[in-house]
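Colleague: Sharing start22.pdb here; it has PDB, C-alpha atoms.
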```
ATOM      1  CA  MET A   1      -1.329 -10.444 -15.577  1.00  0.00           C
ATOM      2  CA  ILE A   2      -5.042  -9.621 -15.638  1.00  0.00           C
ATOM      3  CA  THR A   3      -7.054 -10.970 -12.741  1.00  0.00           C
ATOM      4  CA  ASN A   4     -10.288 -10.249 -10.911  1.00  0.00           C
ATOM      5  CA  ALA A   5      -8.961 -11.576  -7.608  1.00  0.00           C
ATOM      6  CA  LEU A   6      -9.346  -9.239  -4.664  1.00  0.00           C
ATOM      7  CA  PRO A   7      -7.127  -9.398  -1.592  1.00  0.00           C
ATOM      8  CA  TYR A   8      -8.530 -10.013   1.879  1.00  0.00           C
ATOM      9  CA  GLY A   9     -10.253  -6.871   3.145  1.00  0.00           C
ATOM     10  CA  ALA A  10     -10.828  -5.378  -0.305  1.00  0.00           C
ATOM     11  CA  ALA A  11     -14.526  -6.294  -0.581  1.00  0.00           C
ATOM     12  CA  GLU A  12     -15.526  -3.686   2.005  1.00  0.00           C
ATOM     13  CA  ILE A  13     -13.570  -0.942   0.223  1.00  0.00           C
ATOM     14  CA  LEU A  14     -14.969  -1.990  -3.158  1.00  0.00           C
ATOM     15  CA  ALA A  15     -18.540  -1.863  -1.806  1.00  0.00           C
ATOM     16  CA  LEU A  16     -17.860   1.614  -0.433  1.00  0.00           C
ATOM     17  CA  ARG A  17     -16.470   2.742  -3.812  1.00  0.00           C
ATOM     18  CA  LYS A  18     -19.459   1.312  -5.685  1.00  0.00           C
ATOM     19  CA  SER A  19     -21.756   3.387  -3.471  1.00  0.00           C
ATOM     20  CA  GLY A  20     -19.848   6.532  -4.480  1.00  0.00           C
ATOM     21  CA  LYS A  21     -17.900   6.794  -1.223  1.00  0.00           C
ATOM     22  CA  ARG A  22     -14.281   6.281  -0.260  1.00  0.00           C
ATOM     23  CA  PRO A  23     -12.339   5.403   2.877  1.00  0.00           C
ATOM     24  CA  ALA A  24     -11.600   8.451   5.012  1.00  0.00           C
ATOM     25  CA  ASP A  25      -8.125   7.178   5.885  1.00  0.00           C
ATOM     26  CA  MET A  26      -5.120   5.861   4.002  1.00  0.00           C
ATOM     27  CA  VAL A  27      -5.486   2.218   2.968  1.00  0.00           C
ATOM     28  CA  LEU A  28      -2.742  -0.049   4.277  1.00  0.00           C
ATOM     29  CA  VAL A  29      -1.745  -2.910   1.977  1.00  0.00           C
ATOM     30  CA  SER A  30      -0.047  -5.416   4.242  1.00  0.00           C
ATOM     31  CA  LEU A  31       2.512  -7.881   2.931  1.00  0.00           C
ATOM     32  CA  VAL A  32       3.220  -8.986   6.509  1.00  0.00           C
ATOM     33  CA  GLY A  33      -0.195 -10.218   7.647  1.00  0.00           C
ATOM     34  CA  PRO A  34      -2.785  -8.623   9.933  1.00  0.00           C
ATOM     35  CA  LEU A  35      -2.047  -5.146  11.265  1.00  0.00           C
ATOM     36  CA  HIS A  36      -3.457  -3.585  14.402  1.00  0.00           C
ATOM     37  CA  GLU A  37      -4.216  -0.174  12.928  1.00  0.00           C
ATOM     38  CA  VAL A  38      -7.337   1.995  12.696  1.00  0.00           C
ATOM     39  CA  ASN A  39      -6.858   2.481   8.946  1.00  0.00           C
ATOM     40  CA  PRO A  40      -8.518   0.141   6.465  1.00  0.00           C
ATOM     41  CA  VAL A  41      -6.176  -2.834   5.978  1.00  0.00           C
ATOM     42  CA  VAL A  42      -5.945  -5.079   2.935  1.00  0.00           C
ATOM     43  CA  ILE A  43      -3.913  -8.246   3.463  1.00  0.00           C
ATOM     44  CA  VAL A  44      -2.141  -9.760   0.491  1.00  0.00           C
ATOM     45  CA  ARG A  45       0.000 -12.721  -0.299  1.00  0.00           C
ATOM     46  CA  PRO A  46       2.865 -11.042  -2.165  1.00  0.00           C
ATOM     47  CA  GLU A  47       3.306 -13.940  -4.569  1.00  0.00           C
ATOM     48  CA  LYS A  48      -0.300 -13.642  -5.841  1.00  0.00           C
ATOM     49  CA  PHE A  49      -1.728 -11.271  -8.458  1.00  0.00           C
ATOM     50  CA  TYR A  50      -4.693  -9.027  -7.598  1.00  0.00           C
ATOM     51  CA  ASP A  51      -7.061  -6.517  -9.162  1.00  0.00           C
ATOM     52  CA  TRP A  52      -6.045  -3.195  -7.596  1.00  0.00           C
ATOM     53  CA  ARG A  53      -8.519  -0.906  -9.403  1.00  0.00           C
ATOM     54  CA  PHE A  54     -10.528  -0.416  -6.188  1.00  0.00           C
ATOM     55  CA  LEU A  55      -7.611   1.698  -4.912  1.00  0.00           C
ATOM     56  CA  ALA A  56      -7.603   4.206  -7.779  1.00  0.00           C
ATOM     57  CA  GLY A  57      -7.522   7.775  -6.483  1.00  0.00           C
ATOM     58  CA  LEU A  58      -6.911   6.737  -2.857  1.00  0.00           C
ATOM     59  CA  GLU A  59      -3.963   7.139  -0.514  1.00  0.00           C
ATOM     60  CA  VAL A  60      -2.210   3.771  -0.217  1.00  0.00           C
ATOM     61  CA  LEU A  61       0.669   2.602   1.949  1.00  0.00           C
ATOM     62  CA  VAL A  62       2.316  -0.771   1.363  1.00  0.00           C
ATOM     63  CA  VAL A  63       3.516  -2.252   4.659  1.00  0.00           C
ATOM     64  CA  ALA A  64       6.355  -4.747   4.302  1.00  0.00           C
ATOM     65  CA  ASP A  65       9.468  -5.790   6.133  1.00  0.00           C
ATOM     66  CA  MET A  66      12.896  -6.936   5.087  1.00  0.00           C
ATOM     67  CA  SER A  67      11.849 -10.619   5.145  1.00  0.00           C
ATOM     68  CA  VAL A  68       9.573 -10.101   2.124  1.00  0.00           C
ATOM     69  CA  PRO A  69      11.606 -10.728  -1.049  1.00  0.00           C
ATOM     70  CA  ALA A  70      12.415  -7.462  -2.853  1.00  0.00           C
ATOM     71  CA  GLU A  71      11.059  -8.759  -6.160  1.00  0.00           C
ATOM     72  CA  GLN A  72       7.652  -9.373  -4.544  1.00  0.00           C
ATOM     73  CA  VAL A  73       7.590  -5.912  -2.948  1.00  0.00           C
ATOM     74  CA  ASN A  74       8.574  -4.391  -6.307  1.00  0.00           C
ATOM     75  CA  ARG A  75       5.936  -6.371  -8.225  1.00  0.00           C
ATOM     76  CA  VAL A  76       3.125  -5.429  -5.824  1.00  0.00           C
ATOM     77  CA  SER A  77       4.246  -1.780  -5.819  1.00  0.00           C
ATOM     78  CA  ALA A  78       4.388  -1.677  -9.640  1.00  0.00           C
ATOM     79  CA  ALA A  79       0.898  -3.203  -9.878  1.00  0.00           C
ATOM     80  CA  LEU A  80      -0.426  -0.656  -7.395  1.00  0.00           C
ATOM     81  CA  LEU A  81       1.133   2.197  -9.396  1.00  0.00           C
ATOM     82  CA  GLU A  82      -0.827   1.018 -12.430  1.00  0.00           C
ATOM     83  CA  ALA A  83      -4.056   1.479 -10.431  1.00  0.00           C
ATOM     84  CA  ARG A  84      -3.138   5.201 -10.102  1.00  0.00           C
ATOM     85  CA  PRO A  85      -3.602   5.911  -6.388  1.00  0.00           C
ATOM     86  CA  ASP A  86      -3.321   9.558  -5.307  1.00  0.00           C
ATOM     87  CA  PHE A  87      -0.430   8.567  -3.046  1.00  0.00           C
ATOM     88  CA  LEU A  88       1.623   5.389  -2.882  1.00  0.00           C
ATOM     89  CA  GLY A  89       4.170   4.821  -0.150  1.00  0.00           C
ATOM     90  CA  LEU A  90       6.208   1.868   1.017  1.00  0.00           C
ATOM     91  CA  TRP A  91       6.748   1.412   4.752  1.00  0.00           C
ATOM     92  CA  PHE A  92       9.208  -1.108   6.203  1.00  0.00           C
ATOM     93  CA  ALA A  93       7.652  -2.013   9.550  1.00  0.00           C
ATOM     94  CA  ASP A  94      10.795  -3.611  10.941  1.00  0.00           C
ATOM     95  CA  ARG A  95      12.897  -0.533  10.147  1.00  0.00           C
ATOM     96  CA  GLN A  96      10.191   2.076  10.808  1.00  0.00           C
ATOM     97  CA  ASP A  97      11.246   3.843   7.628  1.00  0.00           C
ATOM     98  CA  GLY A  98       9.789   4.215   4.179  1.00  0.00           C
ATOM     99  CA  LEU A  99       9.742   5.529   0.652  1.00  0.00           C
ATOM    100  CA  ASN A 100       7.365   7.740  -1.290  1.00  0.00           C
ATOM    101  CA  LEU A 101       6.708   5.966  -4.578  1.00  0.00           C
ATOM    102  CA  ALA A 102       4.196   8.417  -6.079  1.00  0.00           C
ATOM    103  CA  PHE A 103       2.186  11.379  -4.827  1.00  0.00           C
ATOM    104  CA  GLY A 104       0.252  14.334  -6.190  1.00  0.00           C
ATOM    105  CA  SER A 105       1.670  15.277  -9.550  1.00  0.00           C
ATOM    106  CA  TRP A 106       4.971  13.453  -8.871  1.00  0.00           C
ATOM    107  CA  TRP A 107       5.062  10.056 -10.534  1.00  0.00           C
ATOM    108  CA  PRO A 108       8.278   8.176 -11.192  1.00  0.00           C
ATOM    109  CA  LYS A 109       9.541   8.255 -14.758  1.00  0.00           C
ATOM    110  CA  THR A 110      11.877   5.395 -13.896  1.00  0.00           C
ATOM    111  CA  LYS A 111      12.066   3.125 -10.887  1.00  0.00           C
ATOM    112  CA  ALA A 112      13.039   6.144  -8.806  1.00  0.00           C
ATOM    113  CA  CYS A 113      11.469   6.876  -5.453  1.00  0.00           C
ATOM    114  CA  ARG A 114      12.009   9.349  -2.635  1.00  0.00           C
ATOM    115  CA  ARG A 115      12.888   8.501   0.922  1.00  0.00           C
ATOM    116  CA  MET A 116      10.212   9.689   3.342  1.00  0.00           C
ATOM    117  CA  GLY A 117      11.034  12.845   5.241  1.00  0.00           C
ATOM    118  CA  ILE A 118      11.186  13.063   8.997  1.00  0.00           C
ATOM    119  CA  ALA A 119       7.606  14.377   9.254  1.00  0.00           C
ATOM    120  CA  ASP A 120       6.258  11.378   7.296  1.00  0.00           C
ATOM    121  CA  ARG A 121       8.335   8.940   9.335  1.00  0.00           C
ATOM    122  CA  ARG A 122       7.066  10.463  12.587  1.00  0.00           C
ATOM    123  CA  ALA A 123       3.454  10.350  11.367  1.00  0.00           C
ATOM    124  CA  LEU A 124       3.813   6.662  10.453  1.00  0.00           C
ATOM    125  CA  SER A 125       5.849   5.687  13.494  1.00  0.00           C
ATOM    126  CA  GLY A 126       4.530   2.452  14.958  1.00  0.00           C
ATOM    127  CA  VAL A 127       2.644   1.301  11.834  1.00  0.00           C
ATOM    128  CA  GLY A 128       3.090  -2.427  11.470  1.00  0.00           C
ATOM    129  CA  ARG A 129       5.260  -2.675  14.547  1.00  0.00           C
ATOM    130  CA  ALA A 130       3.126  -5.499  16.008  1.00  0.00           C
ATOM    131  CA  ALA A 131       3.506  -7.399  12.725  1.00  0.00           C
ATOM    132  CA  ALA A 132       7.273  -6.966  12.575  1.00  0.00           C
TER
END
```
Could I get this file's structure written as structure tokens?
Modeller:
Amino acid sequence: MITNALPYGAAEILALRKSGKRPADMVLVSLVGPLHEVNPVVIVRPEKFYDWRFLAGLEVLVVADMSVPAEQVNRVSAALLEARPDFLGLWFADRQDGLNLAFGSWWPKTKACRRMGIADRRALSGVGRAAA
């Protein structure tokens, strides 16, 4: 579905991109509401469709939990993949665990993904915990 709708928090990132700049930190795409993180946070309603092009070439982490229906997490993740971020991860705040969906030259040829390694899980420890 083609849309020009931007999620909450995207306008600031889009303005930065239009000025030739980019966020210094990974962008968190929250499916669980507001997050108390220092990273830029974009809050989405998982059932809605958005224009994700403002995230092209950026590092992006989807923050969800097990209460968000899997089909909504999958649909948002697939739409984000189409925007071609440099990195796309999925973090389950309630489990403090995640998946690497795409990074560097590795892009899934199917719906495959890789479980995050211990170093990634340690680095992301605590993300979304207040929202979970």
Colleague: Run the PyMOL selection byres ((chain A and resi 66) around 12) mentally over the shown coordinates, then write out the matched residues as a count of residues only, using the chain letters and numbers from the document.
Modeller: 22
Colleague: List, as a PyMOL selection string, every residue that the PyMOL selection byres ((chain A and resi 3) around 12) selects in the file provided.
Modeller: chain A and resi 1-2+4-7+48-53+79
Colleague: Written as a count of residues only, what is the full residue list that the PyMOL selection byres ((chain A and resi 9) around 7) yields on the file shown?
Modeller: 8
Colleague: Mind checking which residues fall within 9 Å of A:Leu14, counting all atoms listed in the file, ignoring those fewer than 4 positions away in the same chain, and posting them as a VMD selection string?
Modeller: chain A and resid 10 18 to 19 22 54 to 55
Colleague: At a cut-off of 8 Å, can you tabulate as JSON lines every residue of stretch 9-79 of chain A near stretch 124-128 of chain A together with its closest atom pair and the distance in Å to one decimal, using all atoms listed in the file and ordering rows by chain then number?
Modeller:
```
{"residue": "A:Leu35", "atom": "CA", "partner": "A:Gly128", "partner_atom": "CA", "distance": 5.8}
{"residue": "A:His36", "atom": "CA", "partner": "A:Gly128", "partner_atom": "CA", "distance": 7.3}
{"residue": "A:Glu37", "atom": "CA", "partner": "A:Val127", "partner_atom": "CA", "distance": 7.1}
{"residue": "A:Val63", "atom": "CA", "partner": "A:Gly128", "partner_atom": "CA", "distance": 6.8}
```
Colleague: Can you tell me how far atom CA of A:Ala56 sits from atom CA of A:Asn39, in Å to one decimal?
Modeller: 16.8 Å
Colleague: Can you work out the spacing between atom CA of A:Arg114 and atom CA of A:Ile13 in Å, to one decimal?
Modeller: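 For atom CA of A:Arg114 relative to atom CA of A:Ile13, the distance reads 27.7 Å.
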Colleague: Given only C-alpha atoms as the basis, pick out the residue of A:Leu88, A:Val29, A:Val62, A:Leu99 nearest to A:Arg121.
Modeller: A:Leu99
Colleague: Could you jot down the atom CA of A:Arg122 to atom CA of A:Glu82 separation for me, Å, one decimal place?
Modeller: 27.9 Å
Colleague: Output, as lines of an AutoDock Vina configuration file, the centre and edge lengths in Å (one decimal) of the axis-aligned box that contains all listed atoms of stretch 33-38 of chain A with 6 Å of margin on each side.
Modeller:
```
center_x = -3.8
center_y = -4.1
center_z = 11.0
size_x = 19.1
size_y = 24.2
size_z = 18.8
```
Colleague: Which residues, written as a PyMOL selection string, have at least one atom at most 8 Å from A:Gly57, with all atoms listed in the file counted and residues fewer than 3 positions away on the same chain left out?
Modeller: chain A and resi 84-87
Colleague: Using only C-alpha atoms, find the one residue out of A:Gly89, A:Arg75, A:Val38, A:Arg45 that sits nearest to A:Val60.
Modeller: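 With only C-alpha atoms as the atom set, the closest residue is A:Gly89.
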Colleague: Step by step: locate stretch 29-90 of chain A in the block above, keep C-alpha atoms, then write the file as a PDB file, in the first residue's frame.
Modeller:
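Contents of decode22.pdb, freshly written:
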```pdb
ATOM      1  CA  VAL A  29      10.612   2.206  15.735  1.00  0.00           C
ATOM      2  CA  SER A  30       8.324   1.500  18.659  1.00  0.00           C
ATOM      3  CA  LEU A  31       5.272  -0.717  18.318  1.00  0.00           C
ATOM      4  CA  VAL A  32       4.746  -0.504  22.087  1.00  0.00           C
ATOM      5  CA  GLY A  33       4.325   3.241  22.617  1.00  0.00           C
ATOM      6  CA  PRO A  34       6.720   5.844  24.019  1.00  0.00           C
ATOM      7  CA  LEU A  35      10.213   4.692  24.955  1.00  0.00           C
ATOM      8  CA  HIS A  36      12.537   6.328  27.443  1.00  0.00           C
ATOM      9  CA  GLU A  37      15.695   6.100  25.353  1.00  0.00           C
ATOM     10  CA  VAL A  38      18.267   8.625  24.127  1.00  0.00           C
ATOM     11  CA  ASN A  39      17.966   7.361  20.544  1.00  0.00           C
ATOM     12  CA  PRO A  40      15.513   8.957  18.130  1.00  0.00           C
ATOM     13  CA  VAL A  41      12.156   7.206  18.611  1.00  0.00           C
ATOM     14  CA  VAL A  42       9.380   6.858  16.056  1.00  0.00           C
ATOM     15  CA  ILE A  43       6.074   5.635  17.476  1.00  0.00           C
ATOM     16  CA  VAL A  44       3.767   3.673  15.220  1.00  0.00           C
ATOM     17  CA  ARG A  45       0.399   2.055  15.362  1.00  0.00           C
ATOM     18  CA  PRO A  46       1.209  -1.386  13.944  1.00  0.00           C
ATOM     19  CA  GLU A  47      -2.115  -1.686  12.148  1.00  0.00           C
ATOM     20  CA  LYS A  48      -1.468   1.483  10.086  1.00  0.00           C
ATOM     21  CA  PHE A  49       0.580   1.890   6.900  1.00  0.00           C
ATOM     22  CA  TYR A  50       3.401   4.456   6.751  1.00  0.00           C
ATOM     23  CA  ASP A  51       5.934   5.938   4.354  1.00  0.00           C
ATOM     24  CA  TRP A  52       9.275   4.594   5.600  1.00  0.00           C
ATOM     25  CA  ARG A  53      11.566   6.176   2.978  1.00  0.00           C
ATOM     26  CA  PHE A  54      12.966   8.616   5.566  1.00  0.00           C
ATOM     27  CA  LEU A  55      14.770   5.630   7.127  1.00  0.00           C
ATOM     28  CA  ALA A  56      16.668   4.582   3.995  1.00  0.00           C
ATOM     29  CA  GLY A  57      20.352   4.038   4.739  1.00  0.00           C
ATOM     30  CA  LEU A  58      19.916   4.340   8.523  1.00  0.00           C
ATOM     31  CA  GLU A  59      20.254   1.867  11.371  1.00  0.00           C
ATOM     32  CA  VAL A  60      16.756   0.907  12.536  1.00  0.00           C
ATOM     33  CA  LEU A  61      15.551  -1.220  15.429  1.00  0.00           C
ATOM     34  CA  VAL A  62      11.903  -2.241  15.720  1.00  0.00           C
ATOM     35  CA  VAL A  63      10.880  -2.480  19.379  1.00  0.00           C
ATOM     36  CA  ALA A  64       7.929  -4.779  20.025  1.00  0.00           C
ATOM     37  CA  ASP A  65       6.744  -7.220  22.626  1.00  0.00           C
ATOM     38  CA  MET A  66       4.877 -10.485  22.537  1.00  0.00           C
ATOM     39  CA  SER A  67       1.492  -8.733  22.904  1.00  0.00           C
ATOM     40  CA  VAL A  68       1.810  -7.217  19.415  1.00  0.00           C
ATOM     41  CA  PRO A  69       0.280  -9.644  16.892  1.00  0.00           C
ATOM     42  CA  ALA A  70       2.979 -11.414  14.851  1.00  0.00           C
ATOM     43  CA  GLU A  71       1.333 -10.474  11.554  1.00  0.00           C
ATOM     44  CA  GLN A  72       1.598  -6.771  12.456  1.00  0.00           C
ATOM     45  CA  VAL A  73       5.257  -7.100  13.473  1.00  0.00           C
ATOM     46  CA  ASN A  74       5.948  -8.983  10.226  1.00  0.00           C
ATOM     47  CA  ARG A  75       4.109  -6.413   8.088  1.00  0.00           C
ATOM     48  CA  VAL A  76       5.929  -3.445   9.648  1.00  0.00           C
ATOM     49  CA  SER A  77       9.280  -5.250   9.364  1.00  0.00           C
ATOM     50  CA  ALA A  78       8.650  -6.126   5.695  1.00  0.00           C
ATOM     51  CA  ALA A  79       7.702  -2.511   4.923  1.00  0.00           C
ATOM     52  CA  LEU A  80      10.847  -1.277   6.653  1.00  0.00           C
ATOM     53  CA  LEU A  81      12.985  -3.723   4.647  1.00  0.00           C
ATOM     54  CA  GLU A  82      11.604  -2.175   1.464  1.00  0.00           C
ATOM     55  CA  ALA A  83      12.952   1.215   2.615  1.00  0.00           C
ATOM     56  CA  ARG A  84      16.467  -0.347   2.588  1.00  0.00           C
ATOM     57  CA  PRO A  85      17.918   0.657   5.965  1.00  0.00           C
ATOM     58  CA  ASP A  86      21.605  -0.136   6.533  1.00  0.00           C
ATOM     59  CA  PHE A  87      20.588  -2.293   9.494  1.00  0.00           C
ATOM     60  CA  LEU A  88      17.200  -3.602  10.569  1.00  0.00           C
ATOM     61  CA  GLY A  89      16.736  -5.424  13.846  1.00  0.00           C
ATOM     62  CA  LEU A  90      13.755  -6.575  15.853  1.00  0.00           C
TER      63      LEU A  90
END
```
